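Report on the structure given below.
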Amino acid sequence: MKLLLIVSITLFPLSSFSQTQKIEGLKAPVMQAASPHQKLIALLTLCTESSSMNIDTLYHYALWAKQLAKDAGNETERISADLAFETWLDRRNLFDSALAVCSKDIAKLKYTTPWDLYAQLTMKKGVVLIKDNRRKDALDLAFKFLGEAETKEDTISQVYCKYLISAVYRYMQQTEPALQWALKAENTGVDTLYQEKKNAMGVYFIAGMMYNWKVSADTLQKDITRDSLLAVQYLNRAITYSRRYQNLPTLARALCIMCDQTEGPEHSDFAEKCLQEGINIYNQLGDTVSILNSITALSNFYVSLHQPQKGIEACLKGLEMTKRGNAFPVQDLYWTLGDCYKAAGDYANYAKTLRTIIELKDTIYKRNSESDLAAFNAKYDDVKKENTIIQQKYDITRKNYLFYGSLILLALAATVFYLLFKEYRRKQKIRVEQMQAEEKRLSQKAVVAAEENQRKRIAADLHDNLGSQANAILYGTEQLMQGPERGGTLVNDLHDTAKDMLLSLRETLWAMKTADVTLMDVWLRIINFSMQMKNYYRTINIITSGTAPQGCEMSAAKALHAILIIQEAVNNAVRHASAASITIQSSFKPGGWQIKVSDDGKGFDLRAMQNKEGHYGLANMQERAAAAGIAIAIETAPQQGTDIIIDIPVISVVTQDAPNGVFTVANN
């Protein structure tokens, strides 16, 4: 099986132009666009998948987008088209050209919103710097932009910056900082960025690669089992998200590293499967970097099959390819070549390869050190200029020291004296204000206590005097109603008057004994009143429906007015409307509590009734409503029943899901 796989995979197959389903789906709007601008928008959307396109396909669409953006697009669309073309330049190893276009476009933009075009271009520049072996420049850019991303609270850019920093440390063979930054990227919030496929996949991939590399670098073998498990765990995540979002480069690299991580007799079939899929994807992408990655993966697999000579041949062909352009994984190729020589027992070439790696490192570090030196020189020149200015200011200050020093001391003494005096006056003023506030509070407390005692005394007097008298009248009328005069109109009127007096007295006493009441308490008293009326007038169907809101308070005075208006409305319906049914309905809407009294009686002419002398029920209700700040509406017509509606305004309404919500009623 293994030999069949190796024979079937050629090093340089023809590029496959098949695309992912996502890319194929994005091509259709391009062809169906009716106008050049619509076609440009469709092309820019298609080019967001540029990393997963075959390099020749990408060139075709990126060039098309650039031409349309030049003719029909705005500045933002033109730069977006440049971004797709920069990806093609990057994949063709034309790093200088990519950096030139990228830097020119970045200078025209501002960092305004999270992961905007400015952020994407900055990160693209960082990737190109890494591939061009300008790793310290890439690190400097990533750290600088990380600070900007944290200021903008741009989580996506923060994750991507940390991913780039981790990659730089990885290529510099500094395992621990690389792993730390990969995990920082994961902890920044990658689990919330599933839709940002580049970040989620990239973070998990770099973490998996770090643990895989740590396994091979740990000569003491102290954490090899733990690191192997973590490598597989993170690589599995990277593979899962790469498949979900159809990101081919990350999927191919993760598969090839998974093959290396799971090599061994017990995992040979799984490793073969990962390797074959990864190389097929690299062949589909068709760019030099992808082909070199496939050569590295295939050569490592040859070593695991104890066929290092085939690995040597593959690596040497790959190194020939790197001479056409400075592809960034050249060090990985030399490391793989060295492993193949070592496995073949060719220690002379193994040593020669190691020397080449050292020389290559020296060249890279020298290039980065020179850029550092230029930066240090520039910083030194700036510091030198600043020191010269400081020295000049110091000389001027020293010449005038005695004169200005005397003035400063005098001004300082005067300032201290003024501040001390001002502070003394401020404290005295605060002390007087506190005394006045305390005196006012005590006075108000005494007035409230006196009013409360007076209210309770009046309530007790009403209960003891008027209450007993009303009960006596009620008792007498009940006796009369059972005697020979029980059908008399006068007896009935006296009996009704006594009941009304008791009801009104009971509500008045209740209102006077308390300051604030809840709307639910008011509604319960209305329900109680309706039940009493049912007992008194059994031939009339009196119905209550609805409820009052919880946690809402109103003043007792306002509550009394509302209750008496409802009672007056019900009494009028009972006595004058000849109604068979009376309904009292409660409803609560944003901003107000509405109570509606409806009857199916004979109704009346409202205008005529208001002008008629001797009938004060309607006027009393309207006066009570005006005094309490309650809106009242009367809707009636002859033979159409009557609706009396009151609206009690409520402010500071809190929804039911608000903790400890409190309602208050306006105009308390």
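Ligands are numbered from 1 in the order shown, residues from 1 within each chain, and chains are lettered A, B, ... in the order they appear in the structure tokens.
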
Shell around Leu46 in chain A at 10 Å using only C-alpha atoms, local window under 3 positions removed, as a list in words: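 So, after excluding close chain neighbours, the residues are Lys22, Ile23, Glu24, Gly25, Leu26, Lys27, Ala28, Pro29, Val30, Leu40, Ile41, Ala42, Leu43, Glu49, Ser50, Met53, Leu58, Tyr61, Ala62, Ala65 and Ala84 of chain A.
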
Since we have the selection now, will you write its residues out, keeping N, CA and C atoms, as a PDB file, in the first residue's frame?
ATOM      1  N   LYS A  22     -16.953  26.339  -2.340  1.00  0.00           N
ATOM      2  CA  LYS A  22     -17.211  27.739  -2.011  1.00  0.00           C
ATOM      3  C   LYS A  22     -16.740  28.651  -3.150  1.00  0.00           C
ATOM      4  N   ILE A  23     -15.544  28.379  -3.676  1.00  0.00           N
ATOM      5  CA  ILE A  23     -15.021  29.197  -4.779  1.00  0.00           C
ATOM      6  C   ILE A  23     -15.895  29.046  -6.017  1.00  0.00           C
ATOM      7  N   GLU A  24     -16.284  27.810  -6.319  1.00  0.00           N
ATOM      8  CA  GLU A  24     -17.129  27.593  -7.491  1.00  0.00           C
ATOM      9  C   GLU A  24     -18.454  28.337  -7.341  1.00  0.00           C
ATOM     10  N   GLY A  25     -18.980  28.371  -6.099  1.00  0.00           N
ATOM     11  CA  GLY A  25     -20.229  29.093  -5.872  1.00  0.00           C
ATOM     12  C   GLY A  25     -20.080  30.589  -6.033  1.00  0.00           C
ATOM     13  N   LEU A  26     -18.882  31.135  -5.732  1.00  0.00           N
ATOM     14  CA  LEU A  26     -18.655  32.572  -5.857  1.00  0.00           C
ATOM     15  C   LEU A  26     -18.361  33.001  -7.295  1.00  0.00           C
ATOM     16  N   LYS A  27     -18.075  32.042  -8.154  1.00  0.00           N
ATOM     17  CA  LYS A  27     -17.812  32.395  -9.554  1.00  0.00           C
ATOM     18  C   LYS A  27     -19.093  32.780 -10.288  1.00  0.00           C
ATOM     19  N   ALA A  28     -20.204  32.160  -9.926  1.00  0.00           N
ATOM     20  CA  ALA A  28     -21.456  32.382 -10.657  1.00  0.00           C
ATOM     21  C   ALA A  28     -21.882  33.854 -10.650  1.00  0.00           C
ATOM     22  N   PRO A  29     -21.866  34.553  -9.498  1.00  0.00           N
ATOM     23  CA  PRO A  29     -22.258  35.973  -9.529  1.00  0.00           C
ATOM     24  C   PRO A  29     -21.365  36.822 -10.419  1.00  0.00           C
ATOM     25  N   VAL A  30     -20.092  36.418 -10.581  1.00  0.00           N
ATOM     26  CA  VAL A  30     -19.195  37.178 -11.459  1.00  0.00           C
ATOM     27  C   VAL A  30     -19.714  37.129 -12.891  1.00  0.00           C
ATOM     28  N   LEU A  40     -17.394  43.886 -10.426  1.00  0.00           N
ATOM     29  CA  LEU A  40     -16.257  44.179  -9.554  1.00  0.00           C
ATOM     30  C   LEU A  40     -16.534  43.705  -8.127  1.00  0.00           C
ATOM     31  N   ILE A  41     -17.743  44.000  -7.626  1.00  0.00           N
ATOM     32  CA  ILE A  41     -18.095  43.577  -6.266  1.00  0.00           C
ATOM     33  C   ILE A  41     -18.041  42.054  -6.159  1.00  0.00           C
ATOM     34  N   ALA A  42     -18.569  41.358  -7.168  1.00  0.00           N
ATOM     35  CA  ALA A  42     -18.549  39.890  -7.166  1.00  0.00           C
ATOM     36  C   ALA A  42     -17.124  39.365  -7.222  1.00  0.00           C
ATOM     37  N   LEU A  43     -16.259  40.017  -8.000  1.00  0.00           N
ATOM     38  CA  LEU A  43     -14.858  39.591  -8.088  1.00  0.00           C
ATOM     39  C   LEU A  43     -14.134  39.793  -6.761  1.00  0.00           C
ATOM     40  N   GLU A  49     -11.227  34.491  -1.143  1.00  0.00           N
ATOM     41  CA  GLU A  49     -10.768  33.101  -1.038  1.00  0.00           C
ATOM     42  C   GLU A  49      -9.463  32.899  -1.808  1.00  0.00           C
ATOM     43  N   SER A  50      -8.668  33.946  -1.965  1.00  0.00           N
ATOM     44  CA  SER A  50      -7.477  33.884  -2.813  1.00  0.00           C
ATOM     45  C   SER A  50      -6.464  32.857  -2.340  1.00  0.00           C
ATOM     46  N   MET A  53      -7.132  29.426  -3.884  1.00  0.00           N
ATOM     47  CA  MET A  53      -7.217  29.298  -5.343  1.00  0.00           C
ATOM     48  C   MET A  53      -5.910  28.761  -5.913  1.00  0.00           C
ATOM     49  N   LEU A  58      -5.954  32.510  -9.541  1.00  0.00           N
ATOM     50  CA  LEU A  58      -5.922  33.743  -8.749  1.00  0.00           C
ATOM     51  C   LEU A  58      -5.412  34.913  -9.588  1.00  0.00           C
ATOM     52  N   TYR A  61      -8.248  36.256 -11.916  1.00  0.00           N
ATOM     53  CA  TYR A  61      -9.326  37.026 -11.275  1.00  0.00           C
ATOM     54  C   TYR A  61      -8.796  38.287 -10.596  1.00  0.00           C
ATOM     55  N   ALA A  62      -7.602  38.239 -10.001  1.00  0.00           N
ATOM     56  CA  ALA A  62      -7.047  39.430  -9.345  1.00  0.00           C
ATOM     57  C   ALA A  62      -6.749  40.515 -10.375  1.00  0.00           C
ATOM     58  N   ALA A  65     -10.022  42.034 -11.492  1.00  0.00           N
ATOM     59  CA  ALA A  65     -10.544  42.945 -10.465  1.00  0.00           C
ATOM     60  C   ALA A  65      -9.787  44.271 -10.480  1.00  0.00           C
ATOM     61  N   ALA A  84      -5.895  41.474  -3.270  1.00  0.00           N
ATOM     62  CA  ALA A  84      -5.925  40.173  -3.952  1.00  0.00           C
ATOM     63  C   ALA A  84      -4.677  39.991  -4.810  1.00  0.00           C
TER      64      ALA A  84
END

Skip range 530-537 of chain A itself and residues of its chain fewer than 2 positions away, then list as number ranges by chain all residues within 12 Å of it, counting only C-alpha atoms. A: 492, 495-496, 499-500, 502-503, 523-528, 539-545, 563, 566-571, 573-575, 578-585, 597

Just want the 7 Å neighbourhood of Ile295 in chain A, counted on only C-alpha atoms, with same-chain residues fewer than 4 positions away dropped. Output as an NGL selection string. :A and (291 or 299 or 314-315 or 318)

Residue contacts of Ile312 in chain A (8 Å, only C-alpha atoms) excluding same-chain residues fewer than 4 positions away, as a list of chain:residue names: A:Ser299, A:Pro308, A:Leu316, A:Leu337, A:Cys340, A:Tyr341

Please write the residues from the selection above to a file, keeping N, CA and C atoms, as a PDB file, in the first residue's frame.
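The result, written out as result03.pdb:
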ATOM      1  N   SER A 299       9.317  13.889   1.849  1.00  0.00           N
ATOM      2  CA  SER A 299      10.660  13.422   2.225  1.00  0.00           C
ATOM      3  C   SER A 299      10.664  12.882   3.647  1.00  0.00           C
ATOM      4  N   PRO A 308      15.464   6.703   2.803  1.00  0.00           N
ATOM      5  CA  PRO A 308      15.970   8.081   2.843  1.00  0.00           C
ATOM      6  C   PRO A 308      16.520   8.559   1.501  1.00  0.00           C
ATOM      7  N   LEU A 316      16.685  17.627  -2.956  1.00  0.00           N
ATOM      8  CA  LEU A 316      17.607  18.288  -3.882  1.00  0.00           C
ATOM      9  C   LEU A 316      16.842  18.951  -5.034  1.00  0.00           C
ATOM     10  N   LEU A 337      16.568  17.654   4.434  1.00  0.00           N
ATOM     11  CA  LEU A 337      17.666  17.012   3.715  1.00  0.00           C
ATOM     12  C   LEU A 337      18.678  16.430   4.698  1.00  0.00           C
ATOM     13  N   CYS A 340      17.409  13.278   6.121  1.00  0.00           N
ATOM     14  CA  CYS A 340      17.520  12.176   5.147  1.00  0.00           C
ATOM     15  C   CYS A 340      18.957  11.647   5.074  1.00  0.00           C
ATOM     16  N   TYR A 341      19.956  12.554   5.037  1.00  0.00           N
ATOM     17  CA  TYR A 341      21.362  12.122   5.023  1.00  0.00           C
ATOM     18  C   TYR A 341      21.693  11.329   6.286  1.00  0.00           C
TER      19      TYR A 341
END

Can you check which residues of range 525-611 of chain A DSSP gives as strand (DSSP E) on the backbone and send them as JSON, numbers by chain? {"A": [541, 542, 543, 544, 545, 552, 553, 554, 555, 581, 582, 583, 584, 585, 586, 587, 588, 589, 592, 593, 594, 595, 596, 597, 598, 599]}

With only C-alpha atoms as the counted atoms, please give the residues lying no more than 8 Å from Pro114 in chain A, apart from itself and same-chain residues fewer than 4 positions off, as JSON, numbers by chain. {"A": [119, 149, 152, 153, 154, 155, 156, 157]}

Those same residues, written as a PDB file, in the first residue's frame with N, CA and C atoms?
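File result-v8.pdb, as written:
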ATOM      1  N   ALA A 119      -6.327  47.083   8.607  1.00  0.00           N
ATOM      2  CA  ALA A 119      -5.834  45.969   9.421  1.00  0.00           C
ATOM      3  C   ALA A 119      -5.439  44.784   8.543  1.00  0.00           C
ATOM      4  N   ALA A 149      -4.373  47.494  17.863  1.00  0.00           N
ATOM      5  CA  ALA A 149      -5.563  46.632  17.887  1.00  0.00           C
ATOM      6  C   ALA A 149      -6.171  46.574  19.279  1.00  0.00           C
ATOM      7  N   LYS A 152      -8.149  49.712  19.803  1.00  0.00           N
ATOM      8  CA  LYS A 152      -9.411  49.679  19.057  1.00  0.00           C
ATOM      9  C   LYS A 152     -10.336  48.548  19.523  1.00  0.00           C
ATOM     10  N   GLU A 153      -9.878  47.724  20.489  1.00  0.00           N
ATOM     11  CA  GLU A 153     -10.637  46.553  20.944  1.00  0.00           C
ATOM     12  C   GLU A 153     -10.977  45.642  19.760  1.00  0.00           C
ATOM     13  N   ASP A 154     -10.001  45.469  18.889  1.00  0.00           N
ATOM     14  CA  ASP A 154     -10.160  44.657  17.680  1.00  0.00           C
ATOM     15  C   ASP A 154      -9.653  43.246  17.979  1.00  0.00           C
ATOM     16  N   THR A 155     -10.550  42.371  18.414  1.00  0.00           N
ATOM     17  CA  THR A 155     -10.160  41.017  18.824  1.00  0.00           C
ATOM     18  C   THR A 155      -9.575  40.229  17.660  1.00  0.00           C
ATOM     19  N   ILE A 156     -10.160  40.376  16.481  1.00  0.00           N
ATOM     20  CA  ILE A 156      -9.689  39.607  15.322  1.00  0.00           C
ATOM     21  C   ILE A 156      -8.235  39.952  15.011  1.00  0.00           C
ATOM     22  N   SER A 157      -7.919  41.237  14.960  1.00  0.00           N
ATOM     23  CA  SER A 157      -6.549  41.648  14.664  1.00  0.00           C
ATOM     24  C   SER A 157      -5.583  41.239  15.773  1.00  0.00           C
TER      25      SER A 157
END

Compare A:Lys108, A:Ile358, A:Gly641, A:Ser52 by their minimum atom-to-atom distance to Leu251 in chain A, counting only C-alpha atoms, and give me the closest one.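 The closest residue to Leu251 in chain A is A:Ser52.
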
Choose the residue, out of A:Arg244, A:His37, A:Arg91, A:Arg253, that has the smallest atom-to-atom separation from Ile55 in chain A; count only C-alpha atoms.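 Closest candidate: A:Arg91.
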